[in-house]
>>> print(open('upload.txt').read())   # compact mmCIF, C-alpha atoms
# COMPACT_ATOMS: atom_id res chain seq x y z
CA MET O 1029 33.85 -0.20 22.46
CA ILE O 1030 32.20 -3.63 22.39
CA THR O 1031 32.23 -6.09 25.29
CA ILE O 1032 30.94 -9.63 25.66
CA GLU O 1033 30.35 -10.57 29.26
CA PHE O 1034 29.74 -14.13 30.48
CA SER O 1035 28.18 -14.11 33.96
CA GLU O 1036 28.14 -17.48 35.73
CA VAL O 1037 27.46 -19.21 32.42
CA SER O 1038 27.06 -23.00 32.39
CA GLN O 1039 26.20 -25.08 29.36
CA SER O 1040 24.78 -28.59 29.34
CA PHE O 1041 23.59 -30.84 26.54
CA HIS O 1042 21.24 -33.72 27.39
CA GLY O 1043 22.13 -33.42 31.07
CA ARG O 1044 25.91 -33.48 30.46
CA GLN O 1045 27.62 -30.29 31.63
CA ILE O 1046 30.03 -29.04 28.97
CA PHE O 1047 31.56 -26.17 30.97
CA GLY O 1048 30.89 -23.64 33.67
CA PRO O 1049 30.07 -21.76 35.70
CA LEU O 1050 32.19 -19.30 33.73
CA THR O 1051 32.57 -15.56 34.30
CA VAL O 1052 34.71 -13.72 31.74
CA LYS O 1053 34.67 -10.48 29.80
CA LEU O 1054 35.93 -10.02 26.24
CA HIS O 1055 36.88 -6.56 24.99
CA SER O 1056 37.28 -4.71 21.68
CA GLY O 1057 40.80 -4.58 20.36
CA ARG O 1058 41.82 -7.75 22.15
CA ILE O 1059 42.31 -11.28 20.88
CA THR O 1060 40.96 -13.94 23.22
CA ALA O 1061 41.83 -17.56 22.52
CA VAL O 1062 39.48 -20.23 23.84
CA THR O 1063 41.32 -23.51 24.27
CA GLY O 1064 40.50 -26.98 25.52
CA PHE O 1065 40.36 -30.57 24.37
CA ASN O 1066 37.79 -31.84 21.86
CA GLY O 1067 34.32 -31.61 23.37
CA SER O 1068 35.31 -29.08 26.03
CA GLY O 1069 32.90 -26.52 24.56
CA LYS O 1070 35.07 -24.13 22.52
CA SER O 1071 32.62 -23.91 19.62
CA THR O 1072 29.73 -23.69 22.08
CA PHE O 1073 31.50 -20.78 23.79
CA LEU O 1074 31.57 -18.88 20.47
CA LYS O 1075 27.89 -19.62 19.77
CA LEU O 1076 26.99 -18.34 23.23
CA ALA O 1077 29.10 -15.23 22.66
CA GLY O 1078 27.19 -14.49 19.44
CA HIS O 1079 23.77 -15.29 20.98
CA LEU O 1080 23.39 -18.13 18.48
CA LEU O 1081 22.70 -20.38 21.46
CA LEU O 1082 21.13 -19.65 24.83
CA PRO O 1083 23.10 -20.72 27.92
CA THR O 1084 21.63 -23.38 30.18
CA LYS O 1085 22.43 -21.16 33.16
CA GLY O 1086 23.79 -17.64 33.55
CA LYS O 1087 23.78 -14.74 31.13
CA VAL O 1088 25.80 -13.55 28.15
CA THR O 1089 25.58 -9.81 27.54
CA VAL O 1090 26.93 -8.07 24.45
CA SER O 1091 27.15 -4.29 24.79
CA ASP O 1092 28.46 -1.33 22.86
CA ALA O 1093 28.62 2.35 23.83
CA ASP O 1094 24.85 2.69 23.25
CA GLY O 1095 23.83 -0.21 25.48
CA VAL O 1096 23.01 -3.91 25.27
CA LEU O 1097 22.87 -5.46 21.78
CA LYS O 1098 20.27 -8.10 20.92
CA GLN O 1099 18.76 -9.91 17.95
CA ALA O 1100 19.19 -8.10 14.60
CA ALA O 1101 21.24 -5.28 16.14
CA LEU O 1102 23.75 -7.80 17.50
CA ARG O 1103 23.92 -9.80 14.26
CA GLU O 1104 24.86 -6.59 12.39
CA HIS O 1105 28.03 -6.44 14.53
CA LEU O 1106 28.89 -10.11 14.12
CA ALA O 1107 31.00 -12.06 11.64
CA MET O 1108 32.20 -15.62 11.99
CA VAL O 1109 34.40 -18.28 10.49
CA THR O 1110 33.34 -21.71 11.71
CA PRO O 1111 33.26 -25.18 10.15
CA GLU O 1112 29.43 -25.04 10.34
CA LEU O 1113 29.13 -22.07 7.99
CA ARG O 1114 28.52 -23.14 4.41
CA PHE O 1115 28.06 -21.24 1.17
CA TYR O 1116 25.57 -22.06 -1.56
CA ASP O 1117 27.21 -24.78 -3.64
CA ARG O 1118 25.52 -23.67 -6.87
CA LEU O 1119 26.45 -20.02 -6.62
CA THR O 1120 29.84 -18.61 -7.55
CA ALA O 1121 32.11 -16.99 -4.96
CA ARG O 1122 31.07 -13.55 -6.18
CA GLU O 1123 27.36 -14.45 -6.06
CA ASN O 1124 27.71 -15.84 -2.54
CA MET O 1125 29.60 -12.75 -1.37
CA ASP O 1126 27.15 -10.35 -3.01
CA PHE O 1127 24.25 -12.22 -1.39
CA PHE O 1128 25.52 -12.46 2.19
CA LEU O 1129 27.10 -9.01 2.24
CA GLY O 1130 24.05 -7.55 0.52
CA LEU O 1131 21.92 -8.82 3.40
CA ARG O 1132 24.11 -6.63 5.62
CA GLY O 1133 23.58 -3.67 3.31
CA ARG O 1134 27.08 -3.82 1.81
CA SER O 1135 27.84 -3.89 -1.88
CA LEU O 1136 31.14 -4.87 -3.44
CA THR O 1137 32.62 -3.14 -6.45
CA ASP O 1138 34.74 -5.20 -8.84
CA ALA O 1139 37.83 -3.55 -7.40
CA ASP O 1140 36.77 -4.40 -3.81
CA TYR O 1141 36.14 -7.98 -4.85
CA ARG O 1142 39.52 -8.36 -6.56
CA GLN O 1143 41.26 -6.79 -3.57
CA LEU O 1144 39.51 -9.17 -1.15
CA LEU O 1145 40.50 -12.20 -3.22
CA GLU O 1146 44.09 -10.96 -3.20
CA ARG O 1147 43.99 -10.48 0.58
CA VAL O 1148 42.84 -14.06 1.17
CA GLU O 1149 45.10 -15.30 -1.63
CA LEU O 1150 42.41 -16.81 -3.84
CA SER O 1151 43.06 -16.83 -7.58
CA ALA O 1152 40.41 -14.68 -9.29
CA LYS O 1153 40.69 -16.74 -12.48
CA VAL O 1154 40.11 -20.09 -10.72
CA VAL O 1155 37.31 -18.71 -8.55
CA ALA O 1156 35.47 -17.12 -11.46
CA ALA O 1157 35.27 -20.39 -13.38
CA SER O 1158 33.51 -22.50 -10.77
CA TYR O 1159 30.68 -22.73 -8.27
CA THR O 1160 31.73 -22.84 -4.62
CA GLY O 1161 30.55 -26.47 -4.46
CA GLU O 1162 33.57 -27.25 -6.63
CA PHE O 1163 36.02 -25.47 -4.30
CA SER O 1164 38.53 -27.36 -2.18
CA THR O 1165 38.05 -27.14 1.60
CA GLY O 1166 40.99 -24.72 1.80
CA MET O 1167 39.48 -22.46 -0.87
CA ARG O 1168 36.15 -22.45 1.00
CA GLN O 1169 37.97 -21.49 4.20
CA ARG O 1170 39.65 -18.60 2.36
CA LEU O 1171 36.26 -17.52 0.98
CA LYS O 1172 34.86 -17.50 4.53
CA MET O 1173 37.77 -15.22 5.49
CA ALA O 1174 36.96 -12.95 2.52
CA VAL O 1175 33.32 -12.60 3.63
CA LEU O 1176 34.49 -11.99 7.21
CA LEU O 1177 36.80 -9.18 6.05
CA ALA O 1178 34.21 -7.62 3.76
CA ALA O 1179 31.50 -7.68 6.44
CA GLN O 1180 33.49 -5.06 8.41
CA ALA O 1181 31.99 -6.37 11.65
CA ASP O 1182 33.40 -5.37 15.01
CA ILE O 1183 33.03 -8.81 16.59
CA TRP O 1184 34.90 -11.74 15.04
CA LEU O 1185 34.13 -15.22 16.32
CA LEU O 1186 36.60 -17.65 14.76
CA ASP O 1187 36.43 -21.40 15.24
CA GLU O 1188 39.69 -23.02 14.13
CA PRO O 1189 40.16 -20.44 11.35
CA GLY O 1190 43.39 -22.06 10.19
CA ALA O 1191 41.75 -25.46 9.67
CA ASN O 1192 42.28 -26.87 6.16
CA LEU O 1193 44.67 -24.07 5.28
CA ASP O 1194 48.28 -24.44 4.16
CA GLU O 1195 51.12 -22.55 5.81
CA ALA O 1196 50.56 -19.45 3.68
CA GLY O 1197 46.85 -19.55 4.55
CA ARG O 1198 47.53 -19.77 8.28
CA ALA O 1199 49.94 -16.85 7.98
CA MET O 1200 47.21 -14.87 6.18
CA VAL O 1201 44.74 -15.62 9.01
CA ALA O 1202 47.30 -14.54 11.63
CA ARG O 1203 48.00 -11.32 9.73
CA GLU O 1204 44.31 -10.45 9.39
CA VAL O 1205 43.50 -11.29 13.02
CA ARG O 1206 46.31 -9.04 14.28
CA ALA O 1207 45.23 -6.23 11.92
CA ALA O 1208 41.60 -6.56 13.05
CA ALA O 1209 42.53 -6.31 16.74
CA GLN O 1210 44.56 -3.19 15.96
CA GLN O 1211 41.42 -1.72 14.37
CA ASN O 1212 39.55 -2.33 17.64
CA VAL O 1213 37.71 -5.49 16.57
CA LEU O 1214 36.83 -7.92 19.37
CA VAL O 1215 38.32 -11.27 18.32
CA ALA O 1216 37.46 -14.58 20.00
CA LEU O 1217 39.37 -17.55 18.66
CA ALA O 1218 38.55 -21.17 19.46
CA THR O 1219 41.66 -23.16 18.76
CA ASN O 1220 44.11 -25.84 19.76
CA ASP O 1221 46.73 -24.65 17.33
CA PRO O 1222 49.80 -23.29 19.17
CA GLY O 1223 50.37 -20.75 16.36
CA GLU O 1224 46.86 -19.33 16.75
CA GLU O 1225 47.11 -19.41 20.57
CA ALA O 1226 50.27 -17.31 20.28
CA LEU O 1227 48.23 -14.51 18.67
CA ALA O 1228 46.06 -14.12 21.78
CA ASP O 1229 46.23 -11.36 24.37
CA GLU O 1230 44.42 -13.64 26.80
CA ILE O 1231 43.52 -17.30 26.95
CA ILE O 1232 40.42 -18.94 28.36
CA ALA O 1233 41.17 -22.61 28.98
CA LEU O 1234 38.03 -24.73 29.12
CA ALA O 1235 38.61 -27.82 31.18
CA GLY O 1236 35.35 -29.60 30.35
CA ASP O 1237 33.72 -31.94 32.79
CA MET J 427 25.79 -0.18 8.39
CA LYS J 428 22.06 -0.67 8.87
CA SER J 429 20.58 -2.83 6.13
CA SER J 430 17.11 -1.94 4.86
CA LEU J 431 14.33 -4.45 4.40
CA TRP J 432 13.29 -4.31 0.73
CA PRO J 433 16.77 -4.74 -0.86
CA GLY J 434 17.30 -7.71 1.48
CA ILE J 435 13.96 -9.28 0.50
CA LYS J 436 14.88 -8.81 -3.17
CA LEU J 437 18.27 -10.47 -2.60
CA VAL J 438 16.67 -13.51 -0.95
CA PHE J 439 14.09 -13.77 -3.76
CA VAL J 440 16.73 -13.51 -6.49
CA LYS J 441 18.94 -16.05 -4.70
CA GLU J 442 16.03 -18.51 -4.42
CA PHE J 443 15.15 -17.96 -8.07
CA THR J 444 18.75 -18.43 -9.24
CA LEU J 445 19.17 -21.62 -7.20
CA GLY J 446 15.74 -22.81 -8.40
CA LEU J 447 16.86 -22.42 -12.01
CA ARG J 448 20.21 -24.13 -11.41
CA PHE J 449 18.80 -26.95 -9.28
CA LYS J 450 15.40 -27.69 -10.73
CA ALA J 451 14.18 -30.28 -8.18
CA ALA J 452 11.31 -28.21 -6.74
CA TRP J 453 10.04 -27.08 -10.14
CA ALA J 454 10.32 -30.57 -11.58
CA ALA J 455 8.56 -32.24 -8.62
CA MET J 456 5.63 -29.84 -8.75
CA LEU J 457 5.22 -29.94 -12.52
CA MET J 458 5.50 -33.73 -12.70
CA PHE J 459 2.86 -34.15 -9.99
CA ALA J 460 0.55 -31.70 -11.75
CA LEU J 461 1.01 -33.30 -15.16
CA THR J 462 0.57 -36.84 -13.84
CA THR J 463 -2.65 -36.07 -11.96
CA LEU J 464 -4.06 -34.01 -14.86
CA ALA J 465 -3.32 -36.84 -17.26
CA CYS J 466 -4.97 -39.39 -14.92
CA VAL J 467 -8.10 -37.24 -14.51
CA SER J 468 -8.34 -36.60 -18.23
CA MET J 469 -7.98 -40.28 -19.14
CA ALA J 470 -10.47 -41.38 -16.46
CA LEU J 471 -13.10 -38.90 -17.66
CA GLN J 472 -12.74 -39.83 -21.36
CA GLY J 473 -14.54 -36.64 -22.39
CA ALA J 474 -17.44 -37.04 -19.93
CA PRO J 475 -18.58 -33.74 -18.30
CA LEU J 476 -17.44 -33.09 -14.74
CA GLU J 477 -19.86 -31.69 -12.15
CA PRO J 478 -18.65 -28.16 -11.05
CA LYS J 479 -18.32 -29.03 -7.34
CA LEU J 480 -16.29 -32.11 -8.14
CA ALA J 481 -14.21 -30.18 -10.68
CA ALA J 482 -13.47 -27.46 -8.09
CA ALA J 483 -12.43 -30.00 -5.45
CA LEU J 484 -10.25 -31.83 -7.96
CA LEU J 485 -8.56 -28.60 -9.10
CA TRP J 486 -7.68 -27.60 -5.53
CA ILE J 487 -6.48 -31.10 -4.66
CA ILE J 488 -4.11 -30.97 -7.62
CA LEU J 489 -2.94 -27.44 -6.75
CA PHE J 490 -2.50 -28.26 -3.06
CA PHE J 491 -0.57 -31.48 -3.46
CA ALA J 492 1.51 -30.17 -6.36
CA SER J 493 2.51 -27.21 -4.18
CA MET J 494 3.29 -29.58 -1.29
CA ALA J 495 5.80 -31.30 -3.56
CA GLY J 496 7.86 -28.12 -3.73
CA ALA J 497 6.71 -25.46 -1.28
CA ASP J 498 8.06 -27.12 1.88
CA ARG J 499 11.62 -27.03 0.52
CA SER J 500 12.34 -23.37 1.24
CA PHE J 501 13.95 -24.01 4.63
CA VAL J 502 14.59 -27.76 4.40
CA ASP J 503 16.95 -27.22 1.46
CA GLU J 504 18.93 -24.65 3.49
CA ASP J 505 19.07 -27.06 6.41
CA THR J 506 20.17 -29.99 4.24
CA ALA J 507 22.80 -27.95 2.40
CA GLY J 508 24.13 -26.60 5.71
CA THR J 509 23.60 -22.98 4.63
CA LEU J 510 21.04 -22.17 7.33
CA PRO J 511 23.66 -21.07 9.95
CA THR J 512 25.26 -18.69 7.40
CA LEU J 513 21.86 -17.31 6.43
CA LYS J 514 20.98 -16.86 10.10
CA LEU J 515 24.24 -15.03 10.73
CA TYR J 516 24.00 -12.57 7.85
CA GLY J 517 20.26 -12.30 7.14
CA ALA J 518 17.72 -10.48 9.28
CA ALA J 519 14.59 -12.50 10.08
CA GLN J 520 12.07 -10.42 8.13
CA MET J 521 14.24 -10.24 4.99
CA VAL J 522 14.57 -14.02 4.91
CA LEU J 523 10.91 -14.68 5.67
CA TRP J 524 9.46 -12.25 3.11
CA GLY J 525 12.04 -13.15 0.45
CA LYS J 526 11.25 -16.84 0.78
CA LEU J 527 7.53 -16.21 1.04
CA LEU J 528 7.52 -14.12 -2.12
CA TYR J 529 9.49 -16.78 -3.98
CA THR J 530 7.14 -19.56 -2.81
CA GLY J 531 4.17 -17.41 -3.83
CA PHE J 532 5.75 -16.78 -7.23
CA LEU J 533 6.45 -20.51 -7.67
CA LEU J 534 2.84 -21.42 -6.79
CA LEU J 535 1.46 -18.69 -9.03
CA CYS J 536 3.47 -20.06 -11.97
CA LEU J 537 2.17 -23.52 -11.09
CA THR J 538 -1.41 -22.25 -10.99
CA VAL J 539 -1.02 -20.43 -14.32
CA PHE J 540 0.22 -23.70 -15.78
CA ILE J 541 -2.33 -26.05 -14.16
CA ALA J 542 -5.62 -24.08 -14.25
CA PRO J 543 -5.95 -23.61 -18.05
CA LEU J 544 -4.82 -27.20 -18.68
CA PHE J 545 -7.36 -28.45 -16.13
CA LEU J 546 -10.17 -26.47 -17.75
CA LEU J 547 -9.14 -27.72 -21.18
CA LEU J 548 -8.87 -31.37 -20.23
CA THR J 549 -11.99 -31.58 -18.05
CA GLY J 550 -14.17 -29.36 -20.25
CA ALA J 551 -15.16 -27.24 -17.23
CA GLU J 552 -16.40 -23.78 -18.18
CA VAL J 553 -15.69 -20.62 -16.18
CA MET J 554 -18.87 -18.53 -15.73
CA LEU J 555 -17.42 -15.90 -13.37
CA GLY J 556 -13.86 -15.15 -14.46
CA GLY J 557 -13.17 -12.53 -11.80
CA VAL J 558 -14.22 -14.78 -8.94
CA PHE J 559 -12.27 -17.68 -10.41
CA LEU J 560 -9.05 -15.63 -10.73
CA GLY J 561 -9.52 -13.94 -7.34
CA THR J 562 -10.00 -17.30 -5.63
CA LEU J 563 -6.93 -18.76 -7.32
CA LEU J 564 -4.85 -15.73 -6.27
CA LEU J 565 -6.02 -15.72 -2.63
CA GLY J 566 -5.69 -19.50 -2.38
CA THR J 567 -2.14 -19.33 -3.74
CA ILE J 568 -1.18 -16.61 -1.25
CA GLY J 569 -2.67 -18.67 1.59
CA ILE J 570 -0.77 -21.81 0.61
CA ALA J 571 2.48 -19.82 0.21
CA ALA J 572 2.11 -18.09 3.61
CA ALA J 573 1.15 -21.26 5.47
CA GLY J 574 3.76 -23.34 3.63
CA THR J 575 6.63 -20.93 4.38
CA LEU J 576 5.70 -20.54 8.04
CA ILE J 577 5.33 -24.26 8.65
CA ALA J 578 8.49 -25.05 6.69
CA ALA J 579 10.34 -22.63 9.01
CA LEU J 580 8.75 -24.20 12.09
CA THR J 581 9.60 -27.74 11.07
CA CYS J 582 13.08 -27.28 9.60
CA GLY J 583 14.75 -28.16 12.90
CA ALA J 584 12.62 -31.27 13.43
CA GLN J 585 13.83 -34.80 12.74
CA VAL J 586 10.79 -35.95 10.73
CA LYS J 587 10.41 -32.91 8.51
CA SER J 588 8.14 -34.12 5.71
CA GLY J 589 5.64 -35.90 7.93
CA LEU J 590 5.41 -33.04 10.37
CA PHE J 591 5.02 -30.50 7.57
CA SER J 592 2.02 -32.30 6.08
CA ILE J 593 0.38 -32.88 9.48
CA LEU J 594 0.70 -29.22 10.50
CA MET J 595 -0.20 -27.90 7.06
CA LEU J 596 -3.65 -29.51 6.92
CA PRO J 597 -5.40 -27.66 9.81
CA VAL J 598 -3.70 -24.37 8.94
CA ILE J 599 -4.70 -24.46 5.28
CA LEU J 600 -8.28 -25.77 5.67
CA PRO J 601 -9.77 -22.26 6.23
CA VAL J 602 -8.30 -21.31 2.84
CA PHE J 603 -9.01 -24.58 1.12
CA LEU J 604 -12.74 -24.99 1.91
CA PRO J 605 -13.97 -21.55 0.79
CA ALA J 606 -11.64 -21.80 -2.23
CA ILE J 607 -13.39 -25.01 -3.36
CA PHE J 608 -16.82 -23.49 -2.71
CA LEU J 609 -16.03 -20.29 -4.62
CA THR J 610 -14.38 -22.14 -7.50
CA ALA J 611 -17.45 -24.37 -7.81
CA GLY J 612 -19.59 -21.23 -7.94
CA ALA J 613 -17.35 -19.68 -10.59
CA LEU J 614 -17.71 -22.87 -12.65
CA GLY J 615 -21.49 -22.58 -12.46
CA GLY J 616 -22.13 -24.89 -9.53
CA GLY J 617 -24.17 -22.73 -7.15
CA SER J 618 -24.00 -19.38 -5.41
CA VAL J 619 -20.88 -17.27 -4.96
CA PRO J 620 -20.99 -15.58 -1.54
CA LEU J 621 -18.50 -12.72 -1.68
CA SER J 622 -18.12 -12.93 2.09
CA TYR J 623 -16.12 -16.14 1.45
CA LEU J 624 -13.73 -14.19 -0.74
CA ILE J 625 -13.37 -11.50 1.94
CA GLY J 626 -12.91 -14.22 4.57
CA MET J 627 -10.13 -15.80 2.50
CA ALA J 628 -8.40 -12.43 2.11
CA LEU J 629 -8.65 -11.80 5.87
CA TYR J 630 -7.31 -15.25 6.72
CA ASP J 631 -4.40 -14.73 4.29
CA GLY J 632 -3.68 -11.44 6.09
CA VAL J 633 -3.74 -13.17 9.47
CA LEU J 634 -1.41 -15.91 8.17
CA LEU J 635 1.04 -13.36 6.77
CA MET J 636 1.00 -11.28 9.95
CA GLY J 637 1.29 -14.37 12.16
CA ALA J 638 4.24 -15.63 10.11
CA SER J 639 5.97 -12.25 10.40
CA VAL J 640 5.50 -12.04 14.18
CA LEU J 641 6.42 -15.68 14.88
CA PHE J 642 9.45 -15.74 12.63
CA ASP J 643 11.53 -13.42 14.83
CA TYR J 644 11.19 -15.97 17.64
CA LEU J 645 12.35 -18.76 15.34
CA TRP J 646 15.27 -16.81 13.93
CA TYR J 647 16.80 -15.26 17.04
CA GLU J 648 17.81 -17.16 20.16
CA ASP J 649 17.56 -14.15 22.49
>>> encode(input="upload.txt", output="structure tokens")
Amino acid sequence: MITIEFSEVSQSFHGRQIFGPLTVKLHSGRITAVTGFNGSGKSTFLKLAGHLLLPTKGKVTVSDADGVLKQAALREHLAMVTPELRFYDRLTARENMDFFLGLRGRSLTDADYRQLLERVELSAKVVAASYTGEFSTGMRQRLKMAVLLAAQADIWLLDEPGANLDEAGRAMVAREVRAAAQQNVLVALATNDPGEEALADEIIALAGD
Amino acid sequence: MKSSLWPGIKLVFVKEFTLGLRFKAAWAAMLMFALTTLACVSMALQGAPLEPKLAAALLWIILFFASMAGADRSFVDEDTAGTLPTLKLYGAAQMVLWGKLLYTGFLLLCLTVFIAPLFLLLTGAEVMLGGVFLGTLLLGTIGIAAAGTLIAALTCGAQVKSGLFSILMLPVILPVFLPAIFLTAGALGGGSVPLSYLIGMALYDGVLLMGASVLFDYLWYED
């Protein structure tokens, strides 16, 4: 059972307060949508949740059954899909996946790889013939989803996961998010998309300042 | 699943090597600098003998600046390509550091293997103490790789990357650079060869490697 607890967390950039003080708790097996207008701090909320950013004030604590998770131990539990994540343009999809998943100690068999591509609806033939730098933005988004699924992490931090995806792609994201929550994954979803908001068990609305 | 260190280091090294082969900017910049300076030195000398101390200083200047043309790219390229956040998310600090450090060391070693014989050939310098010469080149290369990787990591978030890298690199690398010139001069027949310098270089390399390893966790993790 993983929890992410925000205790009186405020975040400011260059003296401008983005949000807070905020006290919330996110739990395994639940989908939490973080909503708010552009600049209200949705992406910042996810970075704080993953300890990829330190809060200006307050504390963010990530815990599992064994205690508080920090640094490398926390990263092992974490997987993300955000617009900021990029793959190596001059590696193929398979090479990128083998590299990033290998860093987590996971190896993919050919069958695993084919199955993942099918799950995220990427054509194996098209993907095999090109470097990821030649992918469309939608294909890159699907590849990010494939790495997320293969990482088998128990915390998913998703920033507009349906961005750049067609209707079938957004349906795939919704299906995978629901399935992950059923498998006890903690899912935090920064979005303004009503379809993605509808997936959530709870909603944190950031008002901004 | 807990990932172990060595396979991760190997993955980072292989990734750097693959990208280096597919995008040859670092290799090309270093080799072009080396070739240009070697050609200039050779043409200026016109067959005249070069005094060992001057030859040693010249060799290390070429090696140092040629390595500067490529060694600072290890983290800047990740930052520019936007892959640093993904690497931070999936890669543990020590895997990334040691993988990149090994690759930079490998790159500099290849550069040294290319430059040193050409330099000796073109300047007519003669190696009297081969072991000392090779040992100095090896320890100097390790020192430049360790200092270069650490400072590249420190400066990759800064706005004025290249300038800052060079400014920080100079004081950190001087304790490697000065004994390396002295020992190389000795190996080329230009005076004594105090072995304590060689031991000092090895110790300083060790301190640099250990310092990089300890500091890198603080750079990689926010908490």
>>> interface_residues(input="upload.txt", of="chain O", to="chain J", cutoff="8 Å", atoms="all atoms listed in the file", output="PyMOL selection string")
chain O and resi 1079-1082+1098-1100+1103-1104+1106-1107+1112-1116+1118-1119+1127-1134
>>> closest_residue(input="upload.txt", among="J:Gly574, J:Pro597, J:Gly557, J:Gly550", to="Leu609 of chain J", atoms="only C-alpha atoms")
J:Gly557
>>> atom_distance(input="upload.txt", atom1="atom CA of Met1029 of chain O", atom2="atom CA of Ile1183 of chain O")
10.5 Å
>>> atom_distance(input="upload.txt", atom1="atom CA of Ala1077 of chain O", atom2="atom CA of Val1090 of chain O")
7.7 Å
>>> atom_distance(input="upload.txt", atom1="atom CA of Asp1126 of chain O", atom2="atom CA of Leu1150 of chain O")
16.6 Å
>>> closest_residue(input="upload.txt", among="J:Leu645, J:Leu547, J:Gly561, J:Leu533", to="Phe443 of chain J", atoms="only C-alpha atoms")
J:Leu533
>>> residues_around(input="upload.txt", residues="Tyr630 of chain J", least_positions_apart="5", cutoff="10 Å", atoms="all atoms listed in the file", output="NGL selection string")
:J and (565 or 569 or 599 or 601-602 or 624-625 or 635-636)
>>> closest_residue(input="upload.txt", among="O:Thr1031, O:Gln1045, O:Asn1192, O:Thr1060", to="Val1205 of chain O", atoms="all atoms listed in the file")
O:Thr1060
>>> residues_around(input="upload.txt", residues="Thr506 of chain J", least_positions_apart="5", cutoff="10 Å", atoms="only C-alpha atoms", output="VMD selection string")
chain J and resid 499 501 582
>>> residues_around(input="upload.txt", residues="Ala1216 of chain O", least_positions_apart="6", cutoff="9 Å", atoms="only C-alpha atoms", output="list of chain:residue names")
O:Leu1054, O:Arg1058, O:Ile1059, O:Thr1060, O:Ala1061, O:Val1062, O:Leu1074, O:Ala1077, O:Ile1183, O:Trp1184, O:Leu1185, O:Leu1186, O:Asp1187, O:Ala1228
>>> closest_residue(input="upload.txt", among="J:Met456, J:Ala579, J:Ala606, J:Ile487", to="Gly626 of chain J", atoms="all atoms listed in the file")
J:Ala606
>>> residues_around(input="upload.txt", residues="segment 467-476 of chain J", least_positions_apart="6", cutoff="9 Å", atoms="only C-alpha atoms", output="short mmCIF file (atom, residue, chain, number, x, y, z; two decimals) with C-alpha atoms, in the coordinates of the input")
data_model
loop_
_atom_site.label_atom_id
_atom_site.label_comp_id
_atom_site.auth_asym_id
_atom_site.auth_seq_id
_atom_site.Cartn_x
_atom_site.Cartn_y
_atom_site.Cartn_z
CA LEU J 484 -10.25 -31.83 -7.96
CA PHE J 545 -7.36 -28.45 -16.13
CA LEU J 548 -8.87 -31.37 -20.23
CA THR J 549 -11.99 -31.58 -18.05
CA GLY J 550 -14.17 -29.36 -20.25
CA ALA J 551 -15.16 -27.24 -17.23
#
>>> closest_residue(input="upload.txt", among="O:Ser1040, O:Asn1212, O:Gln1143, O:Gln1169", to="Asp1194 of chain O", atoms="only C-alpha atoms")
O:Gln1169
>>> closest_residue(input="upload.txt", among="O:Ser1056, O:Ser1068, O:Thr1063, O:Thr1051", to="Ile1231 of chain O", atoms="only C-alpha atoms")
O:Thr1063
